[in-house]
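**Student:** The following file, coords03.csv, comprises CSV, C-alpha atoms:
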```
chain,number,residue,atom,x,y,z
O,1,MET,CA,129.8,99.9,182.1
O,2,ARG,CA,126.4,101.1,183.4
O,3,ALA,CA,124.2,99.1,185.7
O,4,MET,CA,120.6,98.5,186.7
O,5,LEU,CA,119.4,97.9,190.3
O,6,LEU,CA,116.0,96.2,190.2
O,7,CYS,CA,114.0,97.9,192.9
O,8,ALA,CA,110.4,98.0,191.7
O,9,GLY,CA,109.0,94.8,193.3
O,10,LEU,CA,106.0,94.8,195.6
O,11,GLY,CA,107.5,92.8,198.5
O,12,THR,CA,104.3,90.9,199.1
O,13,ARG,CA,105.9,88.1,201.2
O,14,LEU,CA,107.1,90.7,203.7
O,15,GLY,CA,103.5,91.3,204.7
O,16,ALA,CA,103.0,94.6,206.7
O,17,LEU,CA,106.7,95.4,206.6
O,18,SER,CA,106.4,96.4,202.9
O,19,ASP,CA,103.6,98.8,203.7
O,20,GLU,CA,106.1,101.0,205.5
O,21,ARG,CA,109.1,100.7,203.1
O,22,PRO,CA,109.8,99.1,199.8
O,23,LYS,CA,112.0,96.1,200.0
O,24,PRO,CA,115.2,97.9,198.8
O,25,LEU,CA,114.9,100.2,201.8
O,26,LEU,CA,114.8,97.5,204.5
O,27,PRO,CA,117.5,98.5,207.0
O,28,MET,CA,120.2,96.0,207.1
O,29,CYS,CA,122.4,96.7,210.2
O,30,ASP,CA,120.9,100.2,209.9
O,31,VAL,CA,121.9,100.7,206.3
O,32,PRO,CA,119.2,100.5,203.6
O,33,LEU,CA,119.4,97.3,201.5
O,34,VAL,CA,119.8,99.2,198.2
O,35,ARG,CA,123.1,100.7,199.4
O,36,TYR,CA,124.7,97.3,199.5
O,37,GLY,CA,124.2,96.9,195.8
O,38,LEU,CA,125.4,100.5,195.2
O,39,ALA,CA,128.6,99.8,197.2
O,40,LEU,CA,129.3,96.7,195.2
O,41,LEU,CA,128.9,98.5,191.9
O,42,GLU,CA,131.0,101.5,193.0
O,43,ALA,CA,133.8,99.1,194.1
O,44,ALA,CA,133.7,97.7,190.6
O,45,GLY,CA,134.1,101.1,189.0
O,46,VAL,CA,130.5,101.7,188.0
O,47,ARG,CA,129.5,105.3,188.1
O,48,GLU,CA,126.1,105.3,186.4
O,49,VAL,CA,123.2,103.2,187.8
O,50,ALA,CA,119.5,103.0,186.8
O,51,VAL,CA,117.0,102.3,189.5
O,52,ASN,CA,113.4,101.3,188.6
O,53,LEU,CA,110.6,102.5,190.8
O,54,HIS,CA,107.1,101.3,191.4
O,55,HIS,CA,106.0,100.5,195.0
O,56,ARG,CA,106.8,103.5,197.3
O,57,GLY,CA,109.1,104.9,194.7
O,58,ASP,CA,108.9,108.3,196.5
O,59,LEU,CA,110.8,106.8,199.4
O,60,LEU,CA,113.6,105.5,197.1
O,61,ARG,CA,113.9,108.8,195.4
O,62,ALA,CA,114.2,110.5,198.8
O,63,GLU,CA,116.9,108.0,200.0
O,64,LEU,CA,119.0,108.2,196.8
O,65,GLN,CA,119.5,112.0,196.6
O,66,PRO,CA,122.6,113.0,194.6
O,67,ASP,CA,124.5,114.1,197.7
O,68,THR,CA,124.1,110.7,199.3
O,69,THR,CA,125.2,108.3,196.5
O,70,GLY,CA,129.0,109.2,196.4
O,71,GLU,CA,130.5,108.9,193.0
O,72,ILE,CA,127.4,107.1,191.5
O,73,ALA,CA,124.9,109.1,189.5
O,74,ILE,CA,121.4,107.6,189.7
O,75,THR,CA,118.9,107.5,186.8
O,76,PHE,CA,115.4,106.7,187.9
O,77,SER,CA,113.0,104.7,185.7
O,78,GLU,CA,109.4,105.1,186.7
O,79,GLU,CA,107.1,102.1,186.2
O,80,PRO,CA,103.4,103.1,186.8
O,81,GLU,CA,102.7,99.5,185.8
O,82,LEU,CA,105.0,96.9,187.2
O,83,LEU,CA,107.0,95.6,184.2
O,84,GLY,CA,108.9,92.6,185.6
O,85,THR,CA,112.7,92.1,185.4
O,86,GLY,CA,112.6,92.0,181.6
O,87,GLY,CA,110.2,94.8,181.0
O,88,GLY,CA,112.1,97.1,183.3
O,89,ILE,CA,115.3,96.5,181.5
O,90,HIS,CA,113.6,96.9,178.1
O,91,LYS,CA,112.2,100.3,179.0
O,92,ILE,CA,115.6,101.7,179.7
O,93,ALA,CA,117.8,99.5,177.5
O,94,ASP,CA,119.0,102.2,175.2
O,95,TRP,CA,120.4,104.1,178.1
O,96,LEU,CA,121.9,101.0,179.7
O,97,THR,CA,123.6,99.9,176.5
O,98,ASP,CA,124.7,103.5,175.6
O,99,GLY,CA,122.8,103.3,172.3
O,100,GLY,CA,123.3,99.5,171.8
O,101,ARG,CA,127.1,99.6,172.2
O,102,ASP,CA,127.9,98.3,175.7
O,103,PRO,CA,127.0,95.4,178.0
O,104,PHE,CA,125.8,96.3,181.5
O,105,PHE,CA,125.4,94.9,185.0
O,106,VAL,CA,122.0,93.9,186.5
O,107,LEU,CA,121.6,93.4,190.2
O,108,ASN,CA,118.5,92.5,192.2
O,109,GLY,CA,117.9,95.2,194.8
O,110,LYS,CA,116.8,92.8,197.5
O,111,VAL,CA,120.1,90.9,197.6
O,112,VAL,CA,123.2,91.1,199.8
O,113,ILE,CA,126.2,89.4,198.0
O,114,ASP,CA,130.0,89.6,197.9
O,115,ALA,CA,130.4,89.1,194.2
O,116,ASP,CA,133.5,90.2,192.2
O,117,LEU,CA,131.8,92.2,189.5
O,118,ARG,CA,135.0,93.0,187.7
O,119,ALA,CA,135.8,89.3,187.3
O,120,LEU,CA,132.2,88.7,186.1
O,121,ALA,CA,132.6,91.3,183.4
O,122,GLU,CA,135.9,89.8,182.3
O,123,ALA,CA,134.4,86.3,182.1
O,124,HIS,CA,131.5,87.8,180.0
O,125,ALA,CA,133.9,89.4,177.6
O,126,TYR,CA,136.1,86.3,177.3
O,127,ALA,CA,133.1,84.1,176.5
O,128,GLY,CA,131.6,86.4,174.0
O,129,ALA,CA,128.3,85.6,175.6
O,130,GLU,CA,124.9,87.3,175.2
O,131,GLY,CA,124.6,87.1,179.0
O,132,THR,CA,126.7,85.9,181.9
O,133,MET,CA,125.0,84.7,185.0
O,134,LEU,CA,126.4,84.5,188.5
O,135,LEU,CA,125.4,81.1,189.8
O,136,ARG,CA,125.3,79.3,193.1
O,137,PRO,CA,125.5,75.5,193.3
O,138,VAL,CA,122.5,73.9,195.0
O,139,ASP,CA,121.5,70.5,196.2
O,140,ALA,CA,120.5,68.2,193.4
O,141,ALA,CA,117.0,67.8,194.9
O,142,ASP,CA,116.4,71.5,195.3
O,143,ASP,CA,114.6,73.2,192.4
O,144,ARG,CA,112.7,75.8,194.3
O,145,PHE,CA,114.7,78.7,193.0
O,146,GLY,CA,114.8,77.8,189.3
O,147,ARG,CA,117.4,75.4,188.1
O,148,VAL,CA,120.3,76.5,185.9
O,149,ASP,CA,122.7,73.8,184.5
O,150,LEU,CA,126.3,74.7,184.1
O,151,ASP,CA,128.9,72.6,182.3
O,152,ALA,CA,132.6,72.3,183.1
O,153,ARG,CA,133.6,75.0,180.6
O,154,GLY,CA,131.4,77.6,182.2
O,155,ARG,CA,128.6,77.4,179.6
O,156,VAL,CA,124.9,77.5,180.7
O,157,VAL,CA,123.3,74.5,179.0
O,158,GLY,CA,119.9,74.4,180.7
O,159,ILE,CA,117.5,76.9,182.2
O,160,LEU,CA,114.3,76.1,184.0
O,161,GLY,CA,114.2,72.7,182.3
O,162,GLU,CA,114.9,74.0,178.8
O,163,ALA,CA,118.2,72.7,177.3
O,164,ALA,CA,120.5,74.3,174.8
O,165,PRO,CA,120.6,72.5,171.4
O,166,GLY,CA,122.4,69.2,171.7
O,167,GLU,CA,122.9,69.5,175.4
O,168,ALA,CA,120.2,67.2,176.8
O,169,SER,CA,122.4,65.2,179.1
O,170,GLY,CA,125.2,65.9,181.6
O,171,PRO,CA,127.2,65.8,183.6
O,172,PHE,CA,126.3,69.4,184.7
O,173,THR,CA,126.5,71.4,187.9
O,174,ARG,CA,123.0,72.2,189.2
O,175,THR,CA,122.9,75.9,190.2
O,176,MET,CA,120.5,78.7,191.0
O,177,PHE,CA,120.7,82.2,189.6
O,178,THR,CA,121.7,84.9,192.1
O,179,GLY,CA,120.1,87.8,190.1
O,180,VAL,CA,123.5,89.2,189.4
O,181,HIS,CA,124.5,89.2,185.7
O,182,VAL,CA,126.1,90.9,182.8
O,183,VAL,CA,123.7,91.5,179.9
O,184,SER,CA,124.8,92.3,176.3
O,185,PRO,CA,122.9,94.6,173.9
O,186,ALA,CA,121.9,91.5,171.9
O,187,LEU,CA,120.2,89.9,174.9
O,188,ALA,CA,118.5,93.1,175.9
O,189,ALA,CA,117.1,93.4,172.3
O,190,ARG,CA,115.3,90.1,172.7
O,191,LEU,CA,113.1,91.4,175.4
O,192,PRO,CA,109.6,92.4,174.3
O,193,GLY,CA,107.9,95.6,175.3
O,194,GLY,CA,105.5,95.5,178.3
O,195,VAL,CA,105.6,93.0,181.1
O,196,SER,CA,108.3,90.3,180.8
O,197,CYS,CA,110.9,88.3,182.6
O,198,ILE,CA,114.6,88.5,181.8
O,199,VAL,CA,115.0,84.7,182.3
O,200,ARG,CA,111.9,83.4,180.5
O,201,GLN,CA,111.7,86.0,177.7
O,202,GLY,CA,115.4,86.7,177.4
O,203,TYR,CA,117.7,83.9,178.5
O,204,VAL,CA,115.5,80.9,177.6
O,205,PRO,CA,114.9,82.0,174.0
O,206,ALA,CA,118.6,82.9,173.6
O,207,LEU,CA,119.6,79.5,174.9
O,208,GLN,CA,117.2,77.6,172.6
O,209,GLY,CA,118.4,79.6,169.7
O,210,GLY,CA,122.0,78.5,170.3
O,211,ALA,CA,123.3,81.9,171.6
O,212,PRO,CA,126.2,81.5,174.0
O,213,ILE,CA,125.2,82.0,177.7
O,214,ALA,CA,128.0,81.9,180.2
O,215,GLY,CA,127.9,81.2,183.9
O,216,VAL,CA,130.3,82.0,186.7
O,217,ARG,CA,130.2,79.8,189.8
O,218,TYR,CA,129.8,81.7,193.1
O,219,ASP,CA,130.4,80.1,196.5
O,220,GLY,CA,130.4,83.2,198.7
O,221,TYR,CA,127.8,84.8,200.9
O,222,PHE,CA,124.3,85.3,199.4
O,223,GLN,CA,121.0,86.3,201.0
O,224,GLU,CA,117.8,87.6,199.6
O,225,HIS,CA,115.3,89.1,201.9
O,226,SER,CA,111.8,88.3,200.6
O,227,THR,CA,110.3,87.2,203.9
O,228,PRO,CA,110.6,88.4,207.5
O,229,ALA,CA,112.5,85.3,208.5
O,230,ARG,CA,115.1,85.8,205.7
O,231,TYR,CA,115.3,89.5,206.5
O,232,LEU,CA,116.0,88.9,210.2
O,233,ALA,CA,118.5,86.1,209.3
O,234,GLY,CA,120.3,88.5,206.9
O,235,ASN,CA,120.8,91.1,209.7
O,236,ILE,CA,122.1,88.4,212.1
O,237,ALA,CA,124.5,87.1,209.5
O,238,LEU,CA,126.0,90.6,209.0
O,239,LEU,CA,126.2,91.1,212.8
O,240,ARG,CA,128.0,87.8,213.3
O,241,GLY,CA,130.4,88.3,210.4
O,242,THR,CA,129.3,85.1,208.7
O,243,ALA,CA,128.3,87.4,205.8
O,244,HIS,CA,131.8,88.6,205.0
O,245,LEU,CA,131.6,91.6,202.6
O,246,GLN,CA,134.7,93.1,200.9
O,247,ASP,CA,132.9,96.4,200.3
O,248,PRO,CA,130.3,97.1,203.0
O,249,PRO,CA,128.3,100.3,202.7
O,250,GLY,CA,129.0,101.4,206.3
O,251,GLU,CA,129.7,100.2,209.8
O,252,LEU,CA,127.7,97.0,210.4
O,253,ARG,CA,128.6,96.2,214.0
O,254,GLY,CA,129.3,98.1,217.2
O,255,ILE,CA,128.0,101.2,218.9
O,256,SER,CA,127.9,104.5,217.1
O,257,VAL,CA,129.7,107.3,218.9
O,258,ASP,CA,126.5,109.3,218.5
O,259,ALA,CA,124.4,106.8,220.4
O,260,GLN,CA,123.3,107.4,224.0
O,261,ILE,CA,123.6,104.5,226.4
O,262,GLY,CA,122.1,104.7,229.9
O,263,VAL,CA,123.4,103.4,233.2
O,264,ASP,CA,123.4,99.7,234.0
O,265,VAL,CA,122.9,98.7,230.4
O,266,GLU,CA,124.0,95.3,229.4
O,267,ILE,CA,125.2,94.9,225.8
O,268,ALA,CA,125.7,91.4,224.5
O,269,GLU,CA,127.6,91.2,221.2
O,270,PRO,CA,127.1,91.1,218.4
O,271,CYS,CA,124.9,94.2,218.0
O,272,ARG,CA,124.7,97.4,216.1
O,273,ILE,CA,123.4,100.6,217.8
O,274,GLY,CA,123.1,103.4,215.3
O,275,ALA,CA,123.7,107.2,215.4
O,276,GLY,CA,121.3,109.1,217.7
O,277,ALA,CA,119.8,105.9,219.2
O,278,LEU,CA,118.9,106.0,222.9
O,279,VAL,CA,119.2,102.9,225.1
O,280,GLY,CA,117.5,103.4,228.5
O,281,ASP,CA,118.8,102.6,231.9
O,282,GLY,CA,118.9,98.9,232.8
O,283,ALA,CA,118.1,97.6,229.3
O,284,ARG,CA,119.6,94.4,228.0
O,285,VAL,CA,120.5,94.6,224.3
O,286,GLY,CA,121.7,91.5,222.4
O,287,PRO,CA,122.9,89.2,221.2
O,288,ASP,CA,121.9,89.6,217.6
O,289,VAL,CA,120.2,93.0,217.9
O,290,VAL,CA,120.2,96.1,215.6
O,291,VAL,CA,119.0,99.4,217.0
O,292,GLY,CA,118.5,101.8,214.2
O,293,ARG,CA,119.3,105.5,214.0
O,294,ARG,CA,117.3,107.7,216.4
O,295,ALA,CA,115.5,104.6,217.7
O,296,ARG,CA,114.7,104.2,221.4
O,297,VAL,CA,115.1,101.2,223.7
O,298,LEU,CA,113.0,101.9,226.8
O,299,PRO,CA,114.4,101.4,230.3
O,300,GLY,CA,114.5,97.8,231.4
O,301,ALA,CA,113.8,96.4,227.9
O,302,GLN,CA,115.2,93.1,226.9
O,303,LEU,CA,116.0,92.5,223.2
O,304,GLU,CA,117.4,89.4,221.6
O,305,ARG,CA,117.4,88.6,217.8
O,306,VAL,CA,115.6,91.8,217.1
O,307,VAL,CA,115.9,94.5,214.4
O,308,VAL,CA,114.6,97.9,215.6
O,309,TRP,CA,114.0,100.2,212.7
O,310,PRO,CA,115.1,103.9,212.7
O,311,GLU,CA,112.8,106.1,214.7
O,312,ALA,CA,111.0,103.1,216.3
O,313,VAL,CA,110.5,102.4,220.0
O,314,ALA,CA,111.2,99.0,221.7
O,315,GLY,CA,110.1,98.1,225.2
O,316,GLY,CA,109.5,95.1,227.4
O,317,VAL,CA,110.8,91.6,226.4
O,318,VAL,CA,111.2,91.2,222.6
O,319,LYS,CA,112.7,88.2,220.9
O,320,ASP,CA,112.8,87.1,217.2
O,321,ALA,CA,111.0,90.2,216.0
O,322,ILE,CA,111.1,93.3,213.8
O,323,VAL,CA,110.2,96.6,215.6
O,324,THR,CA,109.0,99.4,213.3
O,325,PRO,CA,107.4,102.7,214.0
O,326,ARG,CA,104.1,101.0,213.6
O,327,GLY,CA,104.7,98.2,216.2
O,328,VAL,CA,106.3,94.9,216.9
O,329,PHE,CA,106.1,92.1,214.3
O,330,PRO,CA,107.1,88.6,215.5
O,331,VAL,CA,109.1,86.6,213.0
O,332,GLU,CA,108.0,83.1,212.4
O,333,PRO,CA,110.3,80.5,210.7
O,334,ASP,CA,109.9,80.1,206.9
O,335,LEU,CA,108.0,76.8,206.4
O,336,GLU,CA,109.7,76.1,203.1
O,337,GLU,CA,113.1,76.7,204.6
O,338,ALA,CA,112.4,74.2,207.3
O,339,GLU,CA,111.3,71.4,204.9
```
Mind turning the file's structure into structure tokens?
**Tutor:**
Amino acid sequence: MRAMLLCAGLGTRLGALSDERPKPLLPMCDVPLVRYGLALLEAAGVREVAVNLHHRGDLLRAELQPDTTGEIAITFSEEPELLGTGGGIHKIADWLTDGGRDPFFVLNGKVVIDADLRALAEAHAYAGAEGTMLLRPVDAADDRFGRVDLDARGRVVGILGEAAPGEASGPFTRTMFTGVHVVSPALAARLPGGVSCIVRQGYVPALQGGAPIAGVRYDGYFQEHSTPARYLAGNIALLRGTAHLQDPPGELRGISVDAQIGVDVEIAEPCRIGAGALVGDGARVGPDVVVGRRARVLPGAQLERVVVWPEAVAGGVVKDAIVTPRGVFPVEPDLEEAE
């Protein structure tokens, strides 16, 4: 099976952070976010992956050079106009399906998740489904992320308030879509040209038409990183080990052997200090701090709950913030998360 990593989004809710890097290149414990998806796919045996490009696509191309992607070969799909999740798939559907013959994986490039993709593909084949969605149970009152109803047999019977024929009542498990799924050639063929959404223009019409849509319940770690608060929280989850990953893309905790640590430095775990990073004398780093590759922590600095990007410089007292080469960006709580 081939796969597609959706990486063309604008990252508008990240504010100024997305001016420097596209969302899939946000460093997560000093590893670009896109590499978490690639590691998951490689562990499942995938060797060919399409990556769509729009916002700062040049940086993604530079990151995913052939000598840096292991056994995976990358096919880039340029989107001069942003096409959405459906339009991006439609544009390269012939390649993804190998001429209409095979299903394929789709993953959202902004997500860290510990999914078993082999099991997802097996469930898709067993169900004979047009699409098989990986789904997380959510509180009955929480519809913010788009509700998907799943029955006891693993069938999706409702999406965004639209029900399958004859399935107007429950009991169902209320879930949200993780953005990880297996798509059949038949579902891909439903997508129109131009801008479209895989859910609204793919899954919903298939469901209404009586096509089988399968769902696999997922209770493991999941985090998307669309806001600064979620991005910081995702780094901290990886540092603390609450985000347990079977196939991480690199070392996520500890001090690189290539880092330089000054005298009288206090390190409070958990933290990650990357290769070539320099921590000055008398600094206090941690807990919950990432210092990226070739970044500098100035002498006497105090960092707590901070992500320092590669090549950036952090000094003074910094808490609950992202430090990039352009400056320090305080992280405020997500209001919708607090409600």
**Student:** Listing only residues of region 279-308 of chain O within 7 Å of region 256-275 of chain O, what is the closest atom pair and its distance in Å (to one decimal) for each, using only C-alpha atoms, sorted by chain and residue number ascending, as JSON lines?
**Tutor:**
```
{"residue": "O:Val279", "atom": "CA", "partner": "O:Ile261", "partner_atom": "CA", "distance": 4.9}
{"residue": "O:Gly280", "atom": "CA", "partner": "O:Gly262", "partner_atom": "CA", "distance": 5.0}
{"residue": "O:Asp281", "atom": "CA", "partner": "O:Gly262", "partner_atom": "CA", "distance": 4.4}
{"residue": "O:Gly282", "atom": "CA", "partner": "O:Val265", "partner_atom": "CA", "distance": 4.7}
{"residue": "O:Ala283", "atom": "CA", "partner": "O:Val265", "partner_atom": "CA", "distance": 5.0}
{"residue": "O:Arg284", "atom": "CA", "partner": "O:Glu266", "partner_atom": "CA", "distance": 4.7}
{"residue": "O:Val285", "atom": "CA", "partner": "O:Ile267", "partner_atom": "CA", "distance": 4.9}
{"residue": "O:Gly286", "atom": "CA", "partner": "O:Ala268", "partner_atom": "CA", "distance": 4.5}
{"residue": "O:Pro287", "atom": "CA", "partner": "O:Ala268", "partner_atom": "CA", "distance": 4.9}
{"residue": "O:Asp288", "atom": "CA", "partner": "O:Pro270", "partner_atom": "CA", "distance": 5.5}
{"residue": "O:Val289", "atom": "CA", "partner": "O:Cys271", "partner_atom": "CA", "distance": 4.9}
{"residue": "O:Val290", "atom": "CA", "partner": "O:Arg272", "partner_atom": "CA", "distance": 4.7}
{"residue": "O:Val291", "atom": "CA", "partner": "O:Ile273", "partner_atom": "CA", "distance": 4.6}
{"residue": "O:Gly292", "atom": "CA", "partner": "O:Gly274", "partner_atom": "CA", "distance": 5.0}
{"residue": "O:Arg293", "atom": "CA", "partner": "O:Gly274", "partner_atom": "CA", "distance": 4.5}
{"residue": "O:Arg294", "atom": "CA", "partner": "O:Ala275", "partner_atom": "CA", "distance": 6.5}
```
**Student:** Quick one: pull the distance between CA of Arg35 (chain O) and CA of Pro249 (chain O), Å, one decimal.
**Tutor:** 6.2 Å
**Student:** CA of Gln201 (chain O) and CA of Gly166 (chain O) are how many Å apart?
**Tutor:** 20.8 Å
**Student:** From the list O:Leu6, O:Val297, O:Ala43, O:Leu150, which residue is nearest Pro248 (chain O) when using all atoms listed in the file?
**Tutor:** O:Ala43
**Student:** Applying 10 Å and all atoms listed in the file, which residues near region 80-93 of chain O remain after dropping the ones on its own chain fewer than 6 positions away? List them as an mmCIF file with C-alpha atoms, in the frame of the given file.
**Tutor:**
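Saved the output as selection-v7.cif:
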```
data_model
loop_
_atom_site.group_PDB
_atom_site.id
_atom_site.type_symbol
_atom_site.label_atom_id
_atom_site.label_comp_id
_atom_site.auth_asym_id
_atom_site.auth_seq_id
_atom_site.Cartn_x
_atom_site.Cartn_y
_atom_site.Cartn_z
ATOM 1 C CA MET O 4 120.600 98.500 186.700
ATOM 2 C CA LEU O 5 119.400 97.900 190.300
ATOM 3 C CA LEU O 6 116.000 96.200 190.200
ATOM 4 C CA CYS O 7 114.000 97.900 192.900
ATOM 5 C CA ALA O 8 110.400 98.000 191.700
ATOM 6 C CA GLY O 9 109.000 94.800 193.300
ATOM 7 C CA LEU O 10 106.000 94.800 195.600
ATOM 8 C CA ALA O 50 119.500 103.000 186.800
ATOM 9 C CA VAL O 51 117.000 102.300 189.500
ATOM 10 C CA ASN O 52 113.400 101.300 188.600
ATOM 11 C CA LEU O 53 110.600 102.500 190.800
ATOM 12 C CA HIS O 54 107.100 101.300 191.400
ATOM 13 C CA HIS O 55 106.000 100.500 195.000
ATOM 14 C CA GLY O 57 109.100 104.900 194.700
ATOM 15 C CA GLY O 99 122.800 103.300 172.300
ATOM 16 C CA GLY O 100 123.300 99.500 171.800
ATOM 17 C CA PHE O 104 125.800 96.300 181.500
ATOM 18 C CA VAL O 106 122.000 93.900 186.500
ATOM 19 C CA ASN O 108 118.500 92.500 192.200
ATOM 20 C CA GLY O 179 120.100 87.800 190.100
ATOM 21 C CA VAL O 183 123.700 91.500 179.900
ATOM 22 C CA PRO O 185 122.900 94.600 173.900
ATOM 23 C CA ALA O 188 118.500 93.100 175.900
ATOM 24 C CA ALA O 189 117.100 93.400 172.300
ATOM 25 C CA ARG O 190 115.300 90.100 172.700
ATOM 26 C CA LEU O 191 113.100 91.400 175.400
ATOM 27 C CA PRO O 192 109.600 92.400 174.300
ATOM 28 C CA GLY O 193 107.900 95.600 175.300
ATOM 29 C CA GLY O 194 105.500 95.500 178.300
ATOM 30 C CA VAL O 195 105.600 93.000 181.100
ATOM 31 C CA SER O 196 108.300 90.300 180.800
ATOM 32 C CA CYS O 197 110.900 88.300 182.600
ATOM 33 C CA ILE O 198 114.600 88.500 181.800
ATOM 34 C CA VAL O 199 115.000 84.700 182.300
ATOM 35 C CA ARG O 200 111.900 83.400 180.500
ATOM 36 C CA GLN O 201 111.700 86.000 177.700
ATOM 37 C CA GLY O 202 115.400 86.700 177.400
#
```
**Student:** Would you work out the distance separating CA of Val328 (chain O) from CA of Val306 (chain O), expressed in Å to one decimal?
**Tutor:**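 Separation between CA of Val328 (chain O) and CA of Val306 (chain O): 9.8 Å.
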**Student:** Compare O:Gly161, O:Gly220, O:Pro330, O:Gly11 by their minimum atom-to-atom distance to Val308 (chain O), counting all atoms listed in the file, and give me the closest one.
**Tutor:**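 Of the candidates, the smallest distance to Val308 (chain O) is held by O:Pro330.
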**Student:** Just the residues within 12 Å of Glu42 (chain O), please, counting all atoms listed in the file, with nothing from its chain fewer than 2 positions along; format it as an mmCIF file with C-alpha atoms, in the coordinates of the input.
**Tutor:**
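selection22.cif written:
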```cif
data_model
loop_
_atom_site.group_PDB
_atom_site.id
_atom_site.type_symbol
_atom_site.label_atom_id
_atom_site.label_comp_id
_atom_site.auth_asym_id
_atom_site.auth_seq_id
_atom_site.Cartn_x
_atom_site.Cartn_y
_atom_site.Cartn_z
ATOM 1 C CA MET O 1 129.800 99.900 182.100
ATOM 2 C CA ARG O 2 126.400 101.100 183.400
ATOM 3 C CA ALA O 3 124.200 99.100 185.700
ATOM 4 C CA ARG O 35 123.100 100.700 199.400
ATOM 5 C CA TYR O 36 124.700 97.300 199.500
ATOM 6 C CA GLY O 37 124.200 96.900 195.800
ATOM 7 C CA LEU O 38 125.400 100.500 195.200
ATOM 8 C CA ALA O 39 128.600 99.800 197.200
ATOM 9 C CA LEU O 40 129.300 96.700 195.200
ATOM 10 C CA ALA O 44 133.700 97.700 190.600
ATOM 11 C CA GLY O 45 134.100 101.100 189.000
ATOM 12 C CA VAL O 46 130.500 101.700 188.000
ATOM 13 C CA ARG O 47 129.500 105.300 188.100
ATOM 14 C CA GLU O 48 126.100 105.300 186.400
ATOM 15 C CA VAL O 49 123.200 103.200 187.800
ATOM 16 C CA THR O 69 125.200 108.300 196.500
ATOM 17 C CA GLY O 70 129.000 109.200 196.400
ATOM 18 C CA GLU O 71 130.500 108.900 193.000
ATOM 19 C CA ILE O 72 127.400 107.100 191.500
ATOM 20 C CA ALA O 73 124.900 109.100 189.500
ATOM 21 C CA ILE O 74 121.400 107.600 189.700
ATOM 22 C CA PHE O 105 125.400 94.900 185.000
ATOM 23 C CA ASP O 116 133.500 90.200 192.200
ATOM 24 C CA LEU O 117 131.800 92.200 189.500
ATOM 25 C CA ARG O 118 135.000 93.000 187.700
ATOM 26 C CA ASP O 247 132.900 96.400 200.300
ATOM 27 C CA PRO O 248 130.300 97.100 203.000
ATOM 28 C CA PRO O 249 128.300 100.300 202.700
#
```
**Student:** Residues within 7 Å of Pro325 (chain O), please, as a list in words. Count all atoms listed in the file; anything in the same chain fewer than 5 positions from it doesn't count.
**Tutor:** Glu311, Ala312 and Val313 of chain O
**Student:** Between O:Ile213, O:Ala125, O:Val182, O:Ala119, single out the one closest to Gly158 (chain O), counting only C-alpha atoms.
**Tutor:** O:Ile213
**Student:** I need the residue nearest Leu59 (chain O) from this list: O:Leu238, O:Val111, O:Leu252, O:Val34. Use only C-alpha atoms for the distance.
**Tutor:**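 That would be O:Val34, the residue with the smallest distance to Leu59 (chain O).
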**Student:** From the set O:Asp334, O:Glu304, O:Asp320, O:Glu224, which residue has the shortest atom-to-atom contact distance to Leu107 (chain O), counting all atoms listed in the file?
**Tutor:**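 Nearest candidate to Leu107 (chain O) out of O:Asp334, O:Glu304, O:Asp320, O:Glu224: O:Glu224.
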**Student:** Nearest to Arg326 (chain O) among O:Leu120, O:Ala16, O:Val31, O:Leu303, with distances taken over only C-alpha atoms: which residue is it?
**Tutor:** O:Ala16
